[in-house]
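What follows is a set of notes on a single structure, which appears directly below.
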Amino acid sequence: MPLILLLTLSVFLTSGMAVAVDYPLTVTDSAGRSVTIEGPVEKIVVLNSDAAEAVSILGEVEKIVGSVDISYKAHYFTEFSRDWETVGTWKEFNYEKIADLGREEDGEMGAGMLVICYASKAAEVDENLAPFEEIEVLGLDLYKPENLEEEMALLGEVLDRESEAEAYNLWVGEKKASVVEAVSGLGRPRVYVEGGSASDLGALWTYGQGSAPSEMIALAGGENVIAADEANPKVEWETVLALMPEVIIKVPAAINQLGWTNTTEMEAFVGEIESRPGADSTPAAEDGRVYVIFRDITLGTGAVVGLTYWAEMIHPEAELDPEGVYREYLEMRGLKYPEENFFVYPAI
């Protein structure tokens with residue numbers, strides 16, 4: 001029996017039979033807005049890839065009729081996205097086109113149209129779609145670890161997929177607990193995480209305290225060496241050297257495929273870091289603990305996959321199965337694990 005069905009069955013056994021949503025339903029989104037869903041959602045427009053992934057996990061991907069350009073993640077949605085109308089980019093939306101997707105054959109707006117966007121964009125999107133009746137706007141981020149499970153539960157309620165949302169949250173909670181247990185009492189190595197693909201040694205993109213990756217480092221049993229309070233500070237390589245990281249993890253920019261088909265590019269990322277002035281003096285380089293990881297598994301609904309990989313990089317002695325966790329996640333998405341592809345280098 002598929003994993004998601006097993007988890008859903010577990011939820012039913014512990015929570016009782018699912019209760020259908022009683023519409024109209026009023027919820028508070030992550031922008032603090034009160035949103036009333038008048039009836040069952042029939043069509044969905046997603047204005048970012050995180051929303052598309054969340055809808056997919058909840059089993060409603062077939063209701064997506066439009067999205068912004070998420071071609072860089074097309075490998076996750078190949079079966080469906082070819083039929084989606086493109087309604088803009090991550091920063092500019094075509095509101096007329098969005099509205100057209102909600103129209104019936106007679107040109108009138110139909111009921112049951114939902115637009116999902118980031119919380120920071122909710123007021124803007126709602127204002128621009130206000131002239132078109134029957135369109136509801138829901139502001140959810142769906143990528144921040146601190147409120148992802150709460151947002152998934154809310155989206156599950158809105159889409160009448162509460163059991164699927166609860167099953168997903170149960171799975172995430174179990175995987176987090178496994179990581180915490182595995183690294184308990186193992187010490188806290190100093191970790192430096194670098195984002196992006198650029199290598200300007202005077203302005204390296206990293207993650208400060210309170211950022212999602214910093215929180216993941218802590219859960220994985222490490223200590224983020226970057227003390228800055230801002231989420232994405234720029235630092236000089238000399239500053240990193242002075243902090244003497246024991247583990248260095250490179251998170252390159254997104255690539256339009258599910259992992260790397262060979263290690264050539266991954267080796268280049270690791271080699272570039274290890275060849276920097278003074279790099280050989282860091283414990284990370286001395287011990288061969290400079291890694292590169294596939295970005296997609298470090299954020300959003302798959303972040304717990306990245307967490308498990310990070311825990312193995314930070315604590316190789318921990319008894320965890322990150323590949324198994326990734327297989328389970330892809331199964332939830334209706335995707336097969338690409339046996340020949342690579343997600344972390346060097347192998348752990």
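Residues in the structure tokens are numbered from 1 in each chain, the chains being A, B, ... in the order shown, and ligands are numbered from 1 in the order shown.
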Where does stretch 169-259 of chain A meet stretch 133-153 of chain A within 12 Å, residue by residue, with the nearest atom pair and distance in Å to one decimal for each, counting only C-alpha atoms, listed by chain and rising number, as a Markdown table?
```
| residue | atom | partner | partner_atom | distance |
| --- | --- | --- | --- | --- |
| A:Asn169 | CA | A:Glu149 | CA | 5.7 |
| A:Leu170 | CA | A:Glu149 | CA | 9.2 |
| A:Trp171 | CA | A:Glu149 | CA | 10.5 |
| A:Val172 | CA | A:Glu149 | CA | 8.2 |
| A:Gly173 | CA | A:Glu149 | CA | 8.9 |
| A:Lys176 | CA | A:Pro145 | CA | 10.9 |
| A:Gly210 | CA | A:Glu146 | CA | 10.0 |
| A:Ser211 | CA | A:Lys144 | CA | 8.8 |
| A:Ala212 | CA | A:Lys144 | CA | 6.3 |
| A:Pro213 | CA | A:Pro145 | CA | 9.1 |
| A:Ser214 | CA | A:Pro145 | CA | 10.7 |
| A:Glu215 | CA | A:Pro145 | CA | 8.2 |
| A:Met216 | CA | A:Pro145 | CA | 8.4 |
| A:Leu219 | CA | A:Pro145 | CA | 11.1 |
| A:Ala231 | CA | A:Lys144 | CA | 11.9 |
```
Dump as a short mmCIF file (atom, residue, chain, number, x, y, z; two decimals), in the first residue's frame, selection limited to all heavy atoms:
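Result saved to selection.cif:
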```
data_model
loop_
_atom_site.label_atom_id
_atom_site.label_comp_id
_atom_site.auth_asym_id
_atom_site.auth_seq_id
_atom_site.Cartn_x
_atom_site.Cartn_y
_atom_site.Cartn_z
N ASN A 169 1.39 16.12 7.76
CA ASN A 169 1.95 16.72 8.98
C ASN A 169 2.45 15.65 9.95
O ASN A 169 3.47 15.83 10.62
CB ASN A 169 0.91 17.61 9.66
CG ASN A 169 0.72 18.92 8.93
OD1 ASN A 169 1.55 19.33 8.11
ND2 ASN A 169 -0.39 19.60 9.20
N LEU A 170 1.74 14.53 10.00
CA LEU A 170 2.18 13.42 10.84
C LEU A 170 3.52 12.89 10.34
O LEU A 170 4.45 12.64 11.12
CB LEU A 170 1.13 12.31 10.81
CG LEU A 170 1.48 11.00 11.53
CD1 LEU A 170 1.62 11.24 13.02
CD2 LEU A 170 0.41 9.93 11.26
N TRP A 171 3.63 12.74 9.03
CA TRP A 171 4.88 12.27 8.42
C TRP A 171 6.04 13.22 8.72
O TRP A 171 7.11 12.79 9.14
CB TRP A 171 4.68 12.11 6.91
CG TRP A 171 5.88 11.67 6.15
CD1 TRP A 171 6.38 10.40 6.04
CD2 TRP A 171 6.75 12.50 5.38
NE1 TRP A 171 7.50 10.39 5.25
CE2 TRP A 171 7.75 11.67 4.82
CE3 TRP A 171 6.77 13.87 5.09
CZ2 TRP A 171 8.77 12.16 4.00
CZ3 TRP A 171 7.78 14.36 4.27
CH2 TRP A 171 8.77 13.51 3.74
N VAL A 172 5.82 14.52 8.53
CA VAL A 172 6.86 15.51 8.80
C VAL A 172 7.28 15.46 10.27
O VAL A 172 8.47 15.47 10.60
CB VAL A 172 6.38 16.94 8.45
CG1 VAL A 172 7.36 17.99 8.98
CG2 VAL A 172 6.23 17.09 6.94
N GLY A 173 6.29 15.39 11.16
CA GLY A 173 6.60 15.33 12.59
C GLY A 173 7.43 14.12 12.95
O GLY A 173 8.38 14.21 13.76
N LYS A 176 11.06 14.65 11.63
CA LYS A 176 11.79 15.61 12.47
C LYS A 176 12.21 14.94 13.78
O LYS A 176 13.34 15.11 14.25
CB LYS A 176 10.91 16.82 12.76
CG LYS A 176 10.79 17.82 11.64
CD LYS A 176 9.96 19.02 12.09
CE LYS A 176 9.84 20.06 10.99
NZ LYS A 176 9.00 21.21 11.43
N GLY A 210 17.69 32.82 12.70
CA GLY A 210 16.26 32.99 12.46
C GLY A 210 15.80 32.61 11.08
O GLY A 210 14.61 32.48 10.83
N SER A 211 16.74 32.41 10.15
CA SER A 211 16.37 31.98 8.80
C SER A 211 15.98 30.51 8.84
O SER A 211 16.34 29.77 9.78
CB SER A 211 17.53 32.18 7.83
OG SER A 211 18.62 31.34 8.17
N ALA A 212 15.26 30.05 7.82
CA ALA A 212 14.86 28.65 7.77
C ALA A 212 16.06 27.70 7.79
O ALA A 212 16.08 26.73 8.56
CB ALA A 212 13.99 28.40 6.54
N PRO A 213 17.11 27.94 6.97
CA PRO A 213 18.26 27.03 7.02
C PRO A 213 18.96 27.03 8.39
O PRO A 213 19.43 25.99 8.83
CB PRO A 213 19.19 27.58 5.93
CG PRO A 213 18.26 28.23 4.96
CD PRO A 213 17.21 28.87 5.84
N SER A 214 19.00 28.20 9.05
CA SER A 214 19.63 28.25 10.36
C SER A 214 18.87 27.39 11.37
O SER A 214 19.47 26.68 12.19
CB SER A 214 19.70 29.70 10.86
OG SER A 214 20.44 29.78 12.07
N GLU A 215 17.55 27.43 11.29
CA GLU A 215 16.74 26.59 12.17
C GLU A 215 16.95 25.11 11.86
O GLU A 215 16.97 24.27 12.76
CB GLU A 215 15.27 26.96 12.03
CG GLU A 215 14.95 28.36 12.58
CD GLU A 215 13.49 28.74 12.41
OE1 GLU A 215 12.70 27.84 12.06
OE2 GLU A 215 13.16 29.91 12.64
N MET A 216 17.11 24.80 10.57
CA MET A 216 17.36 23.42 10.18
C MET A 216 18.73 22.94 10.69
O MET A 216 18.88 21.79 11.10
CB MET A 216 17.29 23.28 8.66
CG MET A 216 15.89 23.41 8.09
SD MET A 216 14.80 22.08 8.67
CE MET A 216 13.35 22.37 7.68
N LEU A 219 18.24 21.99 14.30
CA LEU A 219 17.52 20.72 14.43
C LEU A 219 18.42 19.53 14.06
O LEU A 219 18.31 18.45 14.64
CB LEU A 219 16.29 20.71 13.54
CG LEU A 219 15.01 21.36 14.07
CD1 LEU A 219 13.93 21.37 12.99
CD2 LEU A 219 14.51 20.65 15.31
N ALA A 231 18.10 37.44 7.55
CA ALA A 231 17.93 36.10 6.99
C ALA A 231 19.00 35.74 5.96
O ALA A 231 19.52 34.63 5.96
CB ALA A 231 16.55 35.96 6.36
#
```
### Query
If you count only C-alpha atoms, which residues fall within 10 Å of A:Phe93, apart from same-chain ones fewer than 2 positions away, as a PyMOL selection string?
chain A and resi 47+67-68+86-91+95-98+125+128
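When only C-alpha atoms are used to measure the gap to A:Gly300, the shortest distance among A:Ser71, A:Gln209, A:Tyr329, A:Glu286 belongs to A:Tyr329.
Scanning stretch 25-114 of chain A with DSSP on the backbone, the strand (DSSP E) assignments fall on Leu25, Thr26, Val27, Thr28, Ser34, Val35, Thr36, Ile37, Lys43, Ile44, Val45, Val46, Ile64, Val65, Gly66, Ser67, Glu85, Thr86, Met113 and Leu114 of chain A.
Proximity of A:Gly222, A:Gly306, A:Gly195, A:Gly66 to A:Met113, computed with only C-alpha atoms, is greatest for A:Gly66.
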### Task
Could you jot down the atom CA of A:Ser30 to atom CA of A:Lys43 separation for me, Å, one decimal place?
20.9 Å
### Query
Could you pull out all residues of stretch 228-263 of chain A with a DSSP call of helix (DSSP H, G or I) and give them as an MDAnalysis selection string?
chainID A and resid 237:243
How would the residues just picked look written out with all heavy atoms as an mmCIF file, in the first residue's frame?
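Output saved as part21.cif:
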```cif
data_model
loop_
_atom_site.group_PDB
_atom_site.id
_atom_site.type_symbol
_atom_site.label_atom_id
_atom_site.label_comp_id
_atom_site.auth_asym_id
_atom_site.auth_seq_id
_atom_site.Cartn_x
_atom_site.Cartn_y
_atom_site.Cartn_z
ATOM 1 N N TRP A 237 34.700 36.030 2.574
ATOM 2 C CA TRP A 237 35.326 34.732 2.812
ATOM 3 C C TRP A 237 36.260 34.781 4.018
ATOM 4 O O TRP A 237 36.354 33.814 4.786
ATOM 5 C CB TRP A 237 36.068 34.271 1.566
ATOM 6 C CG TRP A 237 36.837 32.990 1.745
ATOM 7 C CD1 TRP A 237 38.182 32.817 1.623
ATOM 8 C CD2 TRP A 237 36.301 31.709 2.087
ATOM 9 N NE1 TRP A 237 38.526 31.514 1.867
ATOM 10 C CE2 TRP A 237 37.386 30.807 2.151
ATOM 11 C CE3 TRP A 237 35.017 31.240 2.349
ATOM 12 C CZ2 TRP A 237 37.214 29.456 2.468
ATOM 13 C CZ3 TRP A 237 34.850 29.888 2.666
ATOM 14 C CH2 TRP A 237 35.944 29.022 2.725
ATOM 15 N N GLU A 238 36.942 35.906 4.210
ATOM 16 C CA GLU A 238 37.834 36.044 5.362
ATOM 17 C C GLU A 238 37.080 35.887 6.673
ATOM 18 O O GLU A 238 37.598 35.325 7.642
ATOM 19 C CB GLU A 238 38.537 37.409 5.318
ATOM 20 C CG GLU A 238 39.564 37.568 4.204
ATOM 21 C CD GLU A 238 40.755 36.615 4.369
ATOM 22 O OE1 GLU A 238 41.093 36.292 5.531
ATOM 23 O OE2 GLU A 238 41.316 36.203 3.346
ATOM 24 N N THR A 239 35.843 36.372 6.686
ATOM 25 C CA THR A 239 35.017 36.229 7.892
ATOM 26 C C THR A 239 34.709 34.763 8.145
ATOM 27 O O THR A 239 34.768 34.281 9.288
ATOM 28 C CB THR A 239 33.697 37.013 7.730
ATOM 29 O OG1 THR A 239 33.989 38.391 7.539
ATOM 30 C CG2 THR A 239 32.813 36.850 8.956
ATOM 31 N N VAL A 240 34.379 34.033 7.087
ATOM 32 C CA VAL A 240 34.085 32.604 7.221
ATOM 33 C C VAL A 240 35.318 31.861 7.726
ATOM 34 O O VAL A 240 35.229 31.009 8.623
ATOM 35 C CB VAL A 240 33.616 32.017 5.879
ATOM 36 C CG1 VAL A 240 33.381 30.508 5.995
ATOM 37 C CG2 VAL A 240 32.348 32.715 5.402
ATOM 38 N N LEU A 241 36.473 32.176 7.172
ATOM 39 C CA LEU A 241 37.712 31.514 7.604
ATOM 40 C C LEU A 241 37.950 31.689 9.095
ATOM 41 O O LEU A 241 38.332 30.745 9.801
ATOM 42 C CB LEU A 241 38.906 32.079 6.830
ATOM 43 C CG LEU A 241 39.134 31.599 5.403
ATOM 44 C CD1 LEU A 241 40.340 32.299 4.800
ATOM 45 C CD2 LEU A 241 39.338 30.083 5.375
ATOM 46 N N ALA A 242 37.705 32.901 9.581
ATOM 47 C CA ALA A 242 37.940 33.186 11.000
ATOM 48 C C ALA A 242 37.021 32.380 11.905
ATOM 49 O O ALA A 242 37.354 32.115 13.071
ATOM 50 C CB ALA A 242 37.751 34.680 11.268
ATOM 51 N N LEU A 243 35.869 31.957 11.367
ATOM 52 C CA LEU A 243 34.899 31.201 12.166
ATOM 53 C C LEU A 243 35.211 29.711 12.195
ATOM 54 O O LEU A 243 34.588 28.961 12.952
ATOM 55 C CB LEU A 243 33.488 31.436 11.613
ATOM 56 C CG LEU A 243 32.991 32.885 11.702
ATOM 57 C CD1 LEU A 243 31.707 33.065 10.910
ATOM 58 C CD2 LEU A 243 32.767 33.278 13.156
#
```
### Residues near A:Glu312, cut-off 12 Å, only C-alpha atoms, skip fewer than 2 positions along chain, as a PyMOL selection string
chain A and resi 178-180+182-183+186+217+219-222+247+249+289+291+293+305-310+314-323+344+346-348
### Task
Using only C-alpha atoms, determine which residues lie at most 10 Å from A:Glu340, disregarding the query and same-chain residues fewer than 3 positions distant; provide the list as a ChimeraX atom specification.
/A:259-262,337
### Task
Extract, using only C-alpha atoms, all DNA, RNA and protein residues at most 7 Å from stretch 263-271 of chain A, discarding same-chain residues fewer than 2 positions from it, and format them as a ChimeraX atom specification.
/A:260,273-275,290-292,342,345
